$ cat run.cif   # mmCIF, C-alpha atoms
data_input
#
loop_
_atom_site.label_atom_id
_atom_site.label_comp_id
_atom_site.auth_asym_id
_atom_site.auth_seq_id
_atom_site.Cartn_x
_atom_site.Cartn_y
_atom_site.Cartn_z
CA MET A 1 21.80 -27.27 -21.08
CA SER A 2 23.14 -23.93 -19.93
CA LYS A 3 21.85 -22.40 -16.76
CA PRO A 4 19.40 -19.48 -16.80
CA THR A 5 21.18 -16.14 -16.47
CA ILE A 6 20.29 -13.47 -13.91
CA ALA A 7 21.26 -9.81 -13.78
CA THR A 8 20.53 -7.57 -10.82
CA GLY A 9 20.60 -3.81 -10.69
CA HIS A 10 20.39 -1.04 -8.17
CA PHE A 11 18.92 2.42 -8.72
CA THR A 12 17.71 5.04 -6.23
CA GLY A 13 17.34 3.05 -3.03
CA CYS A 14 19.39 1.79 -0.13
CA PHE A 15 20.70 -1.56 -1.42
CA GLY A 16 18.51 -3.20 1.23
CA CYS A 17 16.84 -5.44 -1.36
CA HIS A 18 20.23 -6.82 -2.41
CA MET A 19 21.06 -7.35 1.28
CA SER A 20 17.77 -9.21 1.62
CA LEU A 21 18.73 -11.35 -1.38
CA LEU A 22 21.96 -12.28 0.42
CA ASP A 23 19.81 -13.05 3.47
CA ILE A 24 18.55 -16.25 1.77
CA ASP A 25 21.51 -17.72 3.71
CA GLU A 26 22.69 -21.16 2.59
CA ARG A 27 20.12 -21.18 -0.21
CA ILE A 28 22.56 -18.88 -2.04
CA LEU A 29 24.63 -22.02 -2.73
CA GLN A 30 21.56 -23.60 -4.29
CA LEU A 31 20.99 -20.40 -6.27
CA THR A 32 24.49 -20.48 -7.72
CA GLU A 33 23.80 -24.09 -8.77
CA LEU A 34 20.54 -23.08 -10.44
CA VAL A 35 21.52 -19.86 -12.19
CA GLU A 36 24.46 -18.02 -13.60
CA PHE A 37 24.91 -14.46 -12.36
CA ASP A 38 25.53 -11.94 -15.11
CA LYS A 39 25.74 -8.18 -14.58
CA SER A 40 25.19 -7.58 -10.89
CA PRO A 41 26.68 -5.68 -7.94
CA ILE A 42 27.09 -9.12 -6.33
CA ASN A 43 29.80 -10.17 -8.81
CA ASP A 44 30.68 -6.59 -9.78
CA LYS A 45 30.13 -7.16 -13.49
CA LYS A 46 29.51 -3.66 -14.82
CA ARG A 47 28.15 -4.07 -18.35
CA PHE A 48 25.74 -6.19 -20.32
CA ASP A 49 27.41 -8.17 -23.14
CA ARG A 50 24.46 -10.47 -23.88
CA VAL A 51 20.74 -10.79 -23.26
CA VAL A 52 19.98 -12.44 -19.90
CA ASP A 53 16.90 -14.40 -18.86
CA ILE A 54 15.91 -12.62 -15.69
CA GLY A 55 16.65 -9.07 -14.57
CA ILE A 56 15.95 -8.07 -10.98
CA ILE A 57 16.07 -4.38 -10.16
CA GLU A 58 15.72 -2.42 -6.93
CA GLY A 59 15.28 1.33 -6.55
CA GLY A 60 13.34 4.04 -8.32
CA CYS A 61 14.59 6.57 -10.87
CA SER A 62 15.70 9.91 -9.44
CA ASN A 63 18.24 10.97 -12.08
CA ASP A 64 19.13 10.61 -15.76
CA GLU A 65 21.67 7.87 -15.08
CA ASN A 66 19.00 5.73 -13.39
CA VAL A 67 16.79 6.09 -16.46
CA GLU A 68 19.62 5.19 -18.84
CA PHE A 69 20.58 2.07 -16.85
CA LEU A 70 16.98 0.98 -16.32
CA ARG A 71 16.39 1.19 -20.08
CA MET A 72 19.57 -0.86 -20.55
CA PHE A 73 18.13 -3.50 -18.20
CA ARG A 74 14.87 -3.60 -20.11
CA LYS A 75 16.73 -4.00 -23.39
CA ASN A 76 18.92 -6.82 -22.09
CA CYS A 77 16.53 -8.82 -19.86
CA LYS A 78 13.88 -11.17 -21.22
CA THR A 79 11.93 -10.89 -17.98
CA LEU A 80 12.31 -7.82 -15.79
CA VAL A 81 11.25 -7.96 -12.15
CA ALA A 82 11.01 -4.87 -9.92
CA ILE A 83 11.60 -5.57 -6.24
CA GLY A 84 11.11 -3.40 -3.19
CA ALA A 85 9.17 -0.27 -2.31
CA CYS A 86 11.51 2.15 -4.14
CA ALA A 87 11.26 0.38 -7.50
CA LEU A 88 7.51 -0.13 -7.07
CA THR A 89 6.39 3.22 -5.68
CA GLY A 90 9.48 5.44 -5.51
CA GLY A 91 9.66 4.55 -1.82
CA VAL A 92 11.34 6.72 0.78
CA PRO A 93 13.30 8.75 -1.86
CA ALA A 94 9.93 9.70 -3.40
CA MET A 95 9.04 11.59 -0.22
CA ARG A 96 10.70 14.54 -1.98
CA ASN A 97 8.04 14.38 -4.68
CA THR A 98 5.67 16.66 -2.77
CA VAL A 99 8.37 19.37 -2.56
CA PRO A 100 9.68 21.10 -5.72
CA LEU A 101 13.21 19.96 -6.67
CA ARG A 102 14.73 23.44 -6.33
CA GLU A 103 13.42 23.73 -2.78
CA CYS A 104 14.90 20.32 -1.92
CA LEU A 105 18.32 21.30 -3.31
CA GLU A 106 18.29 24.70 -1.61
CA GLU A 107 17.35 23.16 1.71
CA ALA A 108 20.10 20.54 1.44
CA PHE A 109 22.92 22.65 0.00
CA LEU A 110 22.16 26.32 0.73
CA ARG A 111 19.85 26.76 3.72
CA GLY A 112 20.55 23.65 5.82
CA PRO A 113 21.57 24.40 9.44
CA SER A 114 25.05 22.88 8.97
CA VAL A 115 25.79 24.49 5.59
CA ILE A 116 28.70 26.94 5.33
CA ASP A 117 29.29 28.72 1.99
CA GLY A 118 26.79 26.40 0.35
CA VAL A 119 26.59 25.72 -3.36
CA ILE A 120 24.27 23.40 -5.29
CA PRO A 121 26.55 20.73 -6.86
CA ASN A 122 26.84 21.25 -10.59
CA ASP A 123 29.74 19.05 -11.71
CA PRO A 124 29.10 17.57 -15.19
CA ASP A 125 30.03 14.11 -13.82
CA ILE A 126 27.11 14.17 -11.38
CA PRO A 127 23.89 12.70 -12.79
CA ILE A 128 21.17 15.29 -13.33
CA MET A 129 18.31 14.92 -10.88
CA LEU A 130 14.80 14.41 -12.25
CA ASP A 131 11.84 16.58 -11.22
CA ARG A 132 10.54 13.70 -9.11
CA VAL A 133 11.43 10.12 -8.22
CA TYR A 134 9.75 7.72 -10.64
CA PRO A 135 8.70 4.13 -9.94
CA ALA A 136 10.41 1.75 -12.39
CA HIS A 137 7.16 0.90 -14.20
CA GLU A 138 6.68 4.58 -15.12
CA VAL A 139 9.97 4.41 -17.05
CA VAL A 140 10.01 0.93 -18.65
CA LYS A 141 7.67 -2.06 -18.84
CA ILE A 142 8.03 -4.23 -15.75
CA ASP A 143 6.89 -7.85 -15.98
CA TYR A 144 6.55 -8.70 -12.29
CA PHE A 145 6.55 -6.84 -8.99
CA ILE A 146 7.75 -8.05 -5.57
CA PRO A 147 6.81 -5.51 -2.87
CA GLY A 148 8.47 -5.06 0.52
CA CYS A 149 10.96 -2.77 2.20
CA PRO A 150 12.87 -4.87 1.61
CA PRO A 151 11.02 -7.96 0.38
CA SER A 152 11.96 -10.70 2.85
CA ALA A 153 14.55 -13.27 1.84
CA ASP A 154 11.74 -15.85 1.76
CA ALA A 155 9.68 -13.64 -0.57
CA LEU A 156 12.64 -13.17 -2.93
CA TRP A 157 13.43 -16.87 -2.84
CA ALA A 158 9.81 -17.79 -3.58
CA ALA A 159 9.76 -15.31 -6.47
CA ILE A 160 13.04 -16.53 -7.97
CA VAL A 161 12.00 -20.19 -7.68
CA ALA A 162 8.68 -19.39 -9.37
CA LEU A 163 10.44 -17.56 -12.21
CA LEU A 164 12.90 -20.42 -12.72
CA GLU A 165 10.00 -22.85 -12.87
CA GLY A 166 8.30 -20.65 -15.46
CA ARG A 167 5.48 -19.57 -13.14
CA GLU A 168 4.21 -16.10 -12.33
CA PRO A 169 5.61 -15.14 -8.92
CA VAL A 170 2.60 -14.82 -6.60
CA LEU A 171 3.47 -14.29 -2.95
CA ASP A 172 1.69 -16.07 -0.10
CA TYR A 173 -0.15 -13.87 2.39
CA GLU A 174 2.65 -13.67 4.94
CA LEU A 175 5.23 -12.82 2.26
CA LEU A 176 3.22 -10.02 0.60
CA LYS A 177 4.22 -6.88 2.52
CA TYR A 178 4.51 -3.21 1.59
CA ASP A 179 7.00 -2.52 4.40
CA MET B 1 -40.80 -7.59 12.89
CA ARG B 2 -37.71 -7.98 15.02
CA ASP B 3 -37.59 -11.74 14.66
CA LYS B 4 -38.47 -11.89 11.01
CA THR B 5 -35.79 -13.54 8.93
CA VAL B 6 -35.11 -13.57 5.25
CA THR B 7 -33.01 -15.93 3.21
CA ILE B 8 -30.36 -14.60 0.89
CA THR B 9 -27.63 -16.31 -1.11
CA ILE B 10 -24.04 -15.09 -0.91
CA ASP B 11 -21.57 -16.70 -3.32
CA GLY B 12 -23.84 -19.71 -3.61
CA LYS B 13 -24.24 -20.16 0.16
CA GLN B 14 -27.73 -19.80 1.67
CA VAL B 15 -27.70 -17.35 4.58
CA GLU B 16 -30.42 -16.54 7.11
CA ALA B 17 -30.51 -12.80 7.77
CA LYS B 18 -32.55 -10.61 10.08
CA ALA B 19 -34.99 -8.40 8.24
CA GLY B 20 -33.68 -4.84 8.04
CA GLN B 21 -30.07 -5.91 8.42
CA LYS B 22 -27.59 -4.52 5.94
CA ILE B 23 -26.04 -7.06 3.56
CA ILE B 24 -22.58 -6.61 5.11
CA GLU B 25 -23.97 -7.31 8.62
CA ALA B 26 -25.79 -10.43 7.47
CA ALA B 27 -22.60 -11.62 5.78
CA ASP B 28 -20.59 -10.95 8.97
CA ASP B 29 -23.07 -13.01 11.02
CA ALA B 30 -22.73 -15.86 8.54
CA GLY B 31 -18.93 -15.72 8.66
CA ILE B 32 -18.57 -14.30 5.16
CA TYR B 33 -16.21 -11.33 4.98
CA ILE B 34 -16.94 -8.51 2.57
CA PRO B 35 -13.93 -6.13 2.24
CA ARG B 36 -14.57 -2.67 3.71
CA LEU B 37 -12.83 0.50 4.83
CA CYS B 38 -15.39 3.21 5.69
CA HIS B 39 -17.76 0.80 7.39
CA HIS B 40 -17.31 0.25 11.13
CA LYS B 41 -19.52 -2.05 13.17
CA ASP B 42 -20.21 0.62 15.83
CA LEU B 43 -21.12 3.37 13.38
CA PRO B 44 -23.96 3.92 10.92
CA PRO B 45 -22.99 3.11 7.33
CA ARG B 46 -22.19 5.81 4.78
CA GLY B 47 -21.12 3.98 1.61
CA HIS B 48 -18.12 6.24 1.02
CA CYS B 49 -15.29 3.87 0.14
CA ARG B 50 -16.95 1.52 -2.42
CA LEU B 51 -14.80 -1.41 -1.33
CA CYS B 52 -17.82 -3.36 -0.05
CA VAL B 53 -19.64 -3.18 -3.38
CA VAL B 54 -21.17 -6.56 -4.19
CA LYS B 55 -23.44 -7.62 -7.00
CA VAL B 56 -27.06 -7.94 -5.89
CA ASP B 57 -29.02 -9.86 -8.52
CA GLY B 58 -26.38 -8.80 -11.03
CA ARG B 59 -26.31 -5.13 -10.07
CA PRO B 60 -23.45 -3.44 -8.15
CA ARG B 61 -24.61 -2.15 -4.73
CA SER B 62 -22.70 -1.09 -1.62
CA SER B 63 -23.33 -3.87 0.87
CA CYS B 64 -22.98 -1.59 3.93
CA THR B 65 -25.99 0.53 2.99
CA ILE B 66 -28.37 -1.89 1.26
CA PRO B 67 -30.76 -3.88 3.50
CA VAL B 68 -31.32 -7.56 2.86
CA GLU B 69 -34.42 -8.66 1.00
CA GLU B 70 -35.90 -12.13 0.66
CA GLY B 71 -34.31 -14.10 -2.17
CA MET B 72 -31.43 -11.73 -2.95
CA THR B 73 -28.60 -13.41 -4.84
CA ILE B 74 -25.31 -11.78 -3.93
CA GLU B 75 -21.89 -12.13 -5.51
CA ASN B 76 -19.00 -11.10 -3.27
CA ASP B 77 -15.74 -13.00 -3.59
CA THR B 78 -15.48 -13.03 -7.38
CA GLU B 79 -12.46 -12.24 -9.51
CA GLU B 80 -14.36 -9.42 -11.22
CA LEU B 81 -15.33 -7.67 -7.97
CA ASN B 82 -11.93 -8.24 -6.37
CA ALA B 83 -10.24 -6.71 -9.43
CA HIS B 84 -12.47 -3.63 -9.05
CA ARG B 85 -11.61 -3.53 -5.35
CA ARG B 86 -7.89 -3.64 -6.09
CA THR B 87 -8.37 -0.68 -8.44
CA VAL B 88 -10.31 1.23 -5.76
CA LEU B 89 -7.45 0.52 -3.34
CA GLU B 90 -4.88 1.64 -5.92
CA MET B 91 -6.77 4.92 -6.27
CA MET B 92 -6.64 5.43 -2.52
CA PHE B 93 -2.90 4.72 -2.48
CA VAL B 94 -2.06 7.14 -5.31
CA GLU B 95 -4.38 9.89 -4.05
CA GLY B 96 -2.60 9.99 -0.70
CA ASN B 97 1.07 9.78 0.16
CA HIS B 98 1.18 6.34 1.71
CA PHE B 99 4.81 5.45 2.49
CA CYS B 100 4.22 2.12 4.20
CA PRO B 101 7.92 1.50 5.02
CA SER B 102 8.10 4.59 7.23
CA CYS B 103 4.53 4.68 8.55
CA GLU B 104 3.95 3.80 12.19
CA THR B 105 0.57 2.29 11.35
CA SER B 106 2.12 -0.20 8.95
CA GLY B 107 1.11 -3.73 9.93
CA ASN B 108 -1.97 -2.47 11.77
CA CYS B 109 -3.37 -0.45 8.86
CA GLU B 110 -6.71 -1.51 7.40
CA LEU B 111 -5.99 0.07 4.00
CA GLN B 112 -2.77 -1.93 3.74
CA ALA B 113 -4.50 -5.05 5.10
CA GLU B 114 -7.18 -4.90 2.42
CA GLY B 115 -4.38 -4.65 -0.15
CA TYR B 116 -2.77 -7.76 1.29
CA ARG B 117 -6.04 -9.66 1.46
CA LEU B 118 -7.07 -8.75 -2.08
CA GLY B 119 -3.58 -9.29 -3.50
CA MET B 120 -2.82 -5.73 -4.57
CA VAL B 121 0.89 -5.87 -5.41
CA VAL B 122 1.61 -2.31 -6.49
CA PRO B 123 -0.46 0.77 -7.38
CA LYS B 124 0.14 1.32 -11.09
CA LEU B 125 -2.01 4.44 -11.47
CA PRO B 126 -0.17 7.78 -11.60
CA TYR B 127 0.57 9.34 -8.21
CA ILE B 128 -1.08 12.64 -7.36
CA GLU B 129 1.51 13.65 -4.77
CA THR B 130 -0.20 16.71 -3.40
CA HIS B 131 1.04 18.12 -0.14
CA ARG B 132 -1.55 18.20 2.63
CA GLU B 133 -1.20 19.91 5.96
CA VAL B 134 -0.24 17.94 9.07
CA ASP B 135 -2.07 19.02 12.23
CA ALA B 136 0.07 18.38 15.31
CA THR B 137 -1.53 21.08 17.49
CA HIS B 138 -3.19 18.61 19.86
CA PRO B 139 -0.98 17.39 22.73
CA ASP B 140 -1.95 13.72 22.32
CA ILE B 141 -3.20 13.25 18.76
CA PHE B 142 -1.97 14.17 15.28
CA ILE B 143 -3.70 14.32 11.91
CA ASN B 144 -1.60 13.35 8.89
CA ARG B 145 -3.94 14.25 6.04
CA ASP B 146 -1.64 12.61 3.48
CA LEU B 147 -2.98 9.29 4.77
CA CYS B 148 -6.68 10.20 4.88
CA ILE B 149 -8.92 8.10 2.63
CA LEU B 150 -12.02 10.17 3.43
CA CYS B 151 -13.85 7.27 5.07
CA GLY B 152 -15.54 9.62 7.52
CA ARG B 153 -15.31 7.23 10.47
CA CYS B 154 -13.91 9.99 12.72
CA VAL B 155 -16.66 12.35 11.57
CA ARG B 156 -19.34 9.85 12.56
CA ALA B 157 -17.66 8.67 15.77
CA SER B 158 -17.12 12.21 17.04
CA ALA B 159 -20.68 13.30 16.31
CA LEU B 160 -22.57 10.17 17.30
CA GLN B 161 -20.45 8.49 19.97
CA ASP B 162 -18.53 11.36 21.53
CA GLY B 163 -21.21 14.03 20.98
CA LYS B 164 -18.56 16.58 19.96
CA THR B 165 -18.63 17.03 16.14
CA VAL B 166 -14.89 17.68 16.08
CA PHE B 167 -14.45 16.52 12.47
CA ALA B 168 -16.07 17.35 9.14
CA PHE B 169 -15.32 17.22 5.43
CA GLU B 170 -14.26 20.36 3.59
CA GLY B 171 -14.02 20.91 -0.17
CA ARG B 172 -15.27 18.82 -3.06
CA GLY B 173 -13.87 16.10 -5.29
CA ILE B 174 -10.12 15.72 -5.30
CA GLU B 175 -9.83 18.84 -3.09
CA LYS B 176 -11.86 17.22 -0.31
CA VAL B 177 -10.05 16.97 3.03
CA ILE B 178 -10.89 16.22 6.64
CA THR B 179 -11.13 19.36 8.75
CA VAL B 180 -11.68 20.19 12.42
CA ASN B 181 -14.15 22.40 14.21
CA ALA B 182 -11.63 25.12 15.18
CA GLU B 183 -9.65 27.82 13.44
CA HIS B 184 -6.16 26.79 14.56
CA GLY B 185 -6.28 23.03 14.59
CA LEU B 186 -7.25 20.00 16.61
CA GLY B 187 -5.63 21.38 19.77
CA GLU B 188 -8.37 24.01 20.00
CA THR B 189 -11.21 21.51 19.88
CA LEU B 190 -12.79 19.42 22.64
CA MET B 191 -11.04 16.32 21.25
CA ASP B 192 -9.68 13.97 23.90
CA VAL B 193 -7.43 10.97 23.37
CA ALA B 194 -10.04 8.80 25.11
CA ASP B 195 -12.69 9.72 22.52
CA ALA B 196 -14.03 7.02 20.24
CA ALA B 197 -13.09 9.20 17.25
CA ALA B 198 -9.40 8.89 18.15
CA HIS B 199 -9.46 5.12 17.64
CA VAL B 200 -11.50 4.44 14.51
CA CYS B 201 -9.17 5.66 11.74
CA PRO B 202 -8.42 2.75 9.36
CA THR B 203 -5.08 4.28 8.25
CA GLY B 204 -2.30 6.28 9.90
CA CYS B 205 -4.11 9.62 9.45
CA LEU B 206 -5.54 10.09 12.95
CA ARG B 207 -3.12 8.65 15.48
CA THR B 208 -2.20 8.90 19.14
CA LYS B 209 1.19 10.47 19.78
CA ARG B 210 4.08 8.71 21.53
CA VAL B 211 2.90 5.14 20.93
CA GLY B 212 4.30 4.56 17.44
CA TYR B 213 6.17 1.35 16.56
CA SER B 214 5.26 -0.20 19.94
CA VAL B 215 4.53 -3.59 18.38
CA PRO B 216 7.46 -5.32 16.63
CA VAL B 217 7.28 -6.57 13.05
CA GLY B 218 5.92 -10.10 13.09
CA GLU B 219 3.47 -9.40 15.93
CA ARG B 220 1.37 -6.71 14.32
CA LYS B 221 -2.33 -7.13 13.68
CA TYR B 222 -2.19 -8.22 10.05
CA ASP B 223 1.28 -9.81 9.90
CA HIS B 224 -0.01 -13.38 9.83
CA ASN B 225 -3.78 -13.33 9.40
CA PRO B 226 -5.72 -11.39 6.78
CA ILE B 227 -8.17 -8.69 7.76
CA GLY B 228 -11.59 -10.30 8.10
CA SER B 229 -10.29 -13.65 9.29
CA GLU B 230 -11.74 -12.92 12.76
CA ILE B 231 -15.18 -12.71 11.13
CA GLU B 232 -14.61 -15.90 9.16
CA GLN B 233 -13.32 -17.78 12.20
CA ALA B 234 -16.02 -16.55 14.62
CA ALA B 235 -18.73 -18.22 12.57
CA SER B 236 -16.88 -21.50 12.12
CA HIS B 237 -16.93 -22.22 15.89
#
$ encode --input "run.cif" --output "structure tokens"
Amino acid sequence: MSKPTIATGHFTGCFGCHMSLLDIDERILQLTELVEFDKSPINDKKRFDRVVDIGIIEGGCSNDENVEFLRMFRKNCKTLVAIGACALTGGVPAMRNTVPLRECLEEAFLRGPSVIDGVIPNDPDIPIMLDRVYPAHEVVKIDYFIPGCPPSADALWAAIVALLEGREPVLDYELLKYD
Amino acid sequence: MRDKTVTITIDGKQVEAKAGQKIIEAADDAGIYIPRLCHHKDLPPRGHCRLCVVKVDGRPRSSCTIPVEEGMTIENDTEELNAHRRTVLEMMFVEGNHFCPSCETSGNCELQAEGYRLGMVVPKLPYIETHREVDATHPDIFINRDLCILCGRCVRASALQDGKTVFAFEGRGIEKVITVNAEHGLGETLMDVADAAAHVCPTGCLRTKRVGYSVPVGERKYDHNPIGSEIEQAASH
């Protein structure tokens, strides 16, 4: 029997959730026994070429590229799990949501104290920023949520084990954290 | 009258309560925790937050304001009520701007702690994301209105314990905010950091300056034990 496949993805966040996943220490050897990693920054596989069993995503959606890739994850993952404050609530990047986008850009690129001859970046290769930072579940259907900033390695391990055993991942009190 | 007792049933457990006691107080004495945010043991109840709503003989009532009566049958820790409570909490989270990861009250926050206790994983309601004014005019205390859940504890504590009426509500409905009794902010009021009102806020809204992040992660108030466990444990001894 082939091993369950896992894809992981990163959107607008700090990669801290992936770091926390690596923080499961020697259990990562067990994880590689249990699952096969598909598209993920961990193995640097860039594209989906099949449907995977479990998708784990961190980060919210702050630009059009995030939305496109998140939709790609939804399309290619049987079960999609959002992990971390940014994917769940928008997180720290969503602090800009109470300030209009133009004001944010002007403050960063035109009016900032260290700006000289400022210009708002407009290269066609740069993803277009959205009006606000969206939690993942406002863009696609998310099956399960693991909160934390980042979720602790133990919380991620407990969630992955539950998913592999076909259970709903429900975190114990000390693992359920919003920070 | 003072010694008169009544018998009520909470989640199938018979509880002796003092006549005139509120349901939440009788439950506390019996070691049964009813979730709460606006209620504070040293302040008169107001029934603002709706988290303590229980079913009394099948009817939803706020347990902080309703006195016990002989023979009441009360439902508290039921999946139906806890689901409602999670929704009430979600509304509080999306109506404010609660960024737990960067908040200095995180780990000691009662709003967050109720979420942990009741198993709220993520607020799924749409965020309101309004911008509310921070008041940092006082030398020792700040008000971050983004975190206010309108519990009114500071309003009551200032008026009734400190005798100062520093705080009040202003506006109606979704526009309602906490305000202070001065034109240019908290710094102009009689507020002192030693006042009771400075130490009753359940969230990070009303906080003392220069003491943030003093307790490391892992040692904070609700890191290991759920809110209310002190009430549950006190009665078991």
$ resolve_selection --input "run.cif" --expression "the PyMOL selection byres ((chain A) within 8 of (chain B))" --output "short mmCIF file (atom, residue, chain, number, x, y, z; two decimals) with C-alpha atoms, keeping the file's coordinate frame"
data_model
loop_
_atom_site.label_atom_id
_atom_site.label_comp_id
_atom_site.auth_asym_id
_atom_site.auth_seq_id
_atom_site.Cartn_x
_atom_site.Cartn_y
_atom_site.Cartn_z
CA ALA A 85 9.17 -0.27 -2.31
CA LEU A 88 7.51 -0.13 -7.07
CA THR A 89 6.39 3.22 -5.68
CA GLY A 91 9.66 4.55 -1.82
CA VAL A 92 11.34 6.72 0.78
CA MET A 95 9.04 11.59 -0.22
CA ASN A 97 8.04 14.38 -4.68
CA THR A 98 5.67 16.66 -2.77
CA VAL A 99 8.37 19.37 -2.56
CA HIS A 137 7.16 0.90 -14.20
CA PHE A 145 6.55 -6.84 -8.99
CA ILE A 146 7.75 -8.05 -5.57
CA PRO A 147 6.81 -5.51 -2.87
CA GLY A 148 8.47 -5.06 0.52
CA CYS A 149 10.96 -2.77 2.20
CA TYR A 173 -0.15 -13.87 2.39
CA GLU A 174 2.65 -13.67 4.94
CA LEU A 176 3.22 -10.02 0.60
CA LYS A 177 4.22 -6.88 2.52
CA TYR A 178 4.51 -3.21 1.59
CA ASP A 179 7.00 -2.52 4.40
#
$ closest_residue --input "run.cif" --among "A:Ala7, A:Cys14, A:Thr32, A:Ser62" --to "Asp44 of chain A" --atoms "only C-alpha atoms"
A:Ala7
$ closest_residue --input "run.cif" --among "A:Ser114, A:Thr5, A:Asn66, A:Asn122" --to "Arg50 of chain A" --atoms "all atoms listed in the file"
A:Thr5
$ closest_residue --input "run.cif" --among "B:Val155, B:Gly71, B:Gly58, B:Lys18" --to "Pro45 of chain B" --atoms "all atoms listed in the file"
B:Val155
$ atom_distance --input "run.cif" --atom1 "atom CA of Met191 of chain B" --atom2 "atom CA of Pro139 of chain B"
10.2 Å
$ resolve_selection --input "run.cif" --expression "the PyMOL selection byres ((chain B and resi 184) around 12)" --output "short mmCIF file (atom, residue, chain, number, x, y, z; two decimals) with C-alpha atoms, keeping the file's coordinate frame"
data_model
loop_
_atom_site.label_atom_id
_atom_site.label_comp_id
_atom_site.auth_asym_id
_atom_site.auth_seq_id
_atom_site.Cartn_x
_atom_site.Cartn_y
_atom_site.Cartn_z
CA VAL B 134 -0.24 17.94 9.07
CA ASP B 135 -2.07 19.02 12.23
CA ALA B 136 0.07 18.38 15.31
CA THR B 137 -1.53 21.08 17.49
CA HIS B 138 -3.19 18.61 19.86
CA THR B 179 -11.13 19.36 8.75
CA VAL B 180 -11.68 20.19 12.42
CA ASN B 181 -14.15 22.40 14.21
CA ALA B 182 -11.63 25.12 15.18
CA GLU B 183 -9.65 27.82 13.44
CA GLY B 185 -6.28 23.03 14.59
CA LEU B 186 -7.25 20.00 16.61
CA GLY B 187 -5.63 21.38 19.77
CA GLU B 188 -8.37 24.01 20.00
CA THR B 189 -11.21 21.51 19.88
#
$ resolve_selection --input "run.cif" --expression "the PyMOL selection byres ((chain A and resi 67) around 12)" --output "NGL selection string"
:A and (10-12 or 59-66 or 68-74 or 87 or 127-130 or 133-140)
$ write_last_selection --input "run.cif" --atoms "C-alpha atoms" --output "PDB file, in the frame of the given file"
ATOM      1  CA  HIS A  10      20.390  -1.040  -8.170  1.00  0.00           C
ATOM      2  CA  PHE A  11      18.920   2.420  -8.720  1.00  0.00           C
ATOM      3  CA  THR A  12      17.710   5.040  -6.230  1.00  0.00           C
ATOM      4  CA  GLY A  59      15.280   1.330  -6.550  1.00  0.00           C
ATOM      5  CA  GLY A  60      13.340   4.040  -8.320  1.00  0.00           C
ATOM      6  CA  CYS A  61      14.590   6.570 -10.870  1.00  0.00           C
ATOM      7  CA  SER A  62      15.700   9.910  -9.440  1.00  0.00           C
ATOM      8  CA  ASN A  63      18.240  10.970 -12.080  1.00  0.00           C
ATOM      9  CA  ASP A  64      19.130  10.610 -15.760  1.00  0.00           C
ATOM     10  CA  GLU A  65      21.670   7.870 -15.080  1.00  0.00           C
ATOM     11  CA  ASN A  66      19.000   5.730 -13.390  1.00  0.00           C
ATOM     12  CA  GLU A  68      19.620   5.190 -18.840  1.00  0.00           C
ATOM     13  CA  PHE A  69      20.580   2.070 -16.850  1.00  0.00           C
ATOM     14  CA  LEU A  70      16.980   0.980 -16.320  1.00  0.00           C
ATOM     15  CA  ARG A  71      16.390   1.190 -20.080  1.00  0.00           C
ATOM     16  CA  MET A  72      19.570  -0.860 -20.550  1.00  0.00           C
ATOM     17  CA  PHE A  73      18.130  -3.500 -18.200  1.00  0.00           C
ATOM     18  CA  ARG A  74      14.870  -3.600 -20.110  1.00  0.00           C
ATOM     19  CA  ALA A  87      11.260   0.380  -7.500  1.00  0.00           C
ATOM     20  CA  PRO A 127      23.890  12.700 -12.790  1.00  0.00           C
ATOM     21  CA  ILE A 128      21.170  15.290 -13.330  1.00  0.00           C
ATOM     22  CA  MET A 129      18.310  14.920 -10.880  1.00  0.00           C
ATOM     23  CA  LEU A 130      14.800  14.410 -12.250  1.00  0.00           C
ATOM     24  CA  VAL A 133      11.430  10.120  -8.220  1.00  0.00           C
ATOM     25  CA  TYR A 134       9.750   7.720 -10.640  1.00  0.00           C
ATOM     26  CA  PRO A 135       8.700   4.130  -9.940  1.00  0.00           C
ATOM     27  CA  ALA A 136      10.410   1.750 -12.390  1.00  0.00           C
ATOM     28  CA  HIS A 137       7.160   0.900 -14.200  1.00  0.00           C
ATOM     29  CA  GLU A 138       6.680   4.580 -15.120  1.00  0.00           C
ATOM     30  CA  VAL A 139       9.970   4.410 -17.050  1.00  0.00           C
ATOM     31  CA  VAL A 140      10.010   0.930 -18.650  1.00  0.00           C
TER      32      VAL A 140
END
$ residues_around --input "run.cif" --residues "Phe48 of chain A" --least-positions-apart "6" --cutoff "8 Å" --atoms "only C-alpha atoms" --output "list in words"
Asp38, Lys39 and Asn76 of chain A
$ residues_around --input "run.cif" --residues "Leu21 of chain A" --least-positions-apart "2" --cutoff "12 Å" --atoms "only C-alpha atoms" --output "JSON, numbers by chain"
{"A": [8, 15, 16, 17, 18, 19, 23, 24, 25, 26, 27, 28, 31, 41, 42, 56, 57, 58, 83, 84, 150, 151, 152, 153, 154, 155, 156, 157, 158, 159, 160]}
$ atom_distance --input "run.cif" --atom1 "atom CA of Ser158 of chain B" --atom2 "atom CA of Lys209 of chain B"
18.6 Å
$ residues_near_point --input "run.cif" --point "(-17.3, 10.2, 14.6)" --cutoff "12 Å" --atoms "all atoms listed in the file" --output "VMD selection string"
chain B and resid 38 to 40 42 to 46 151 to 169 178 180 191 195 to 201 206
$ atom_distance --input "run.cif" --atom1 "atom CA of Gly9 of chain A" --atom2 "atom CA of Leu89 of chain B"
29.3 Å
$ closest_residue --input "run.cif" --among "B:Arg50, B:Thr9, B:Glu80, B:Ser62" --to "Ala30 of chain B" --atoms "all atoms listed in the file"
B:Thr9
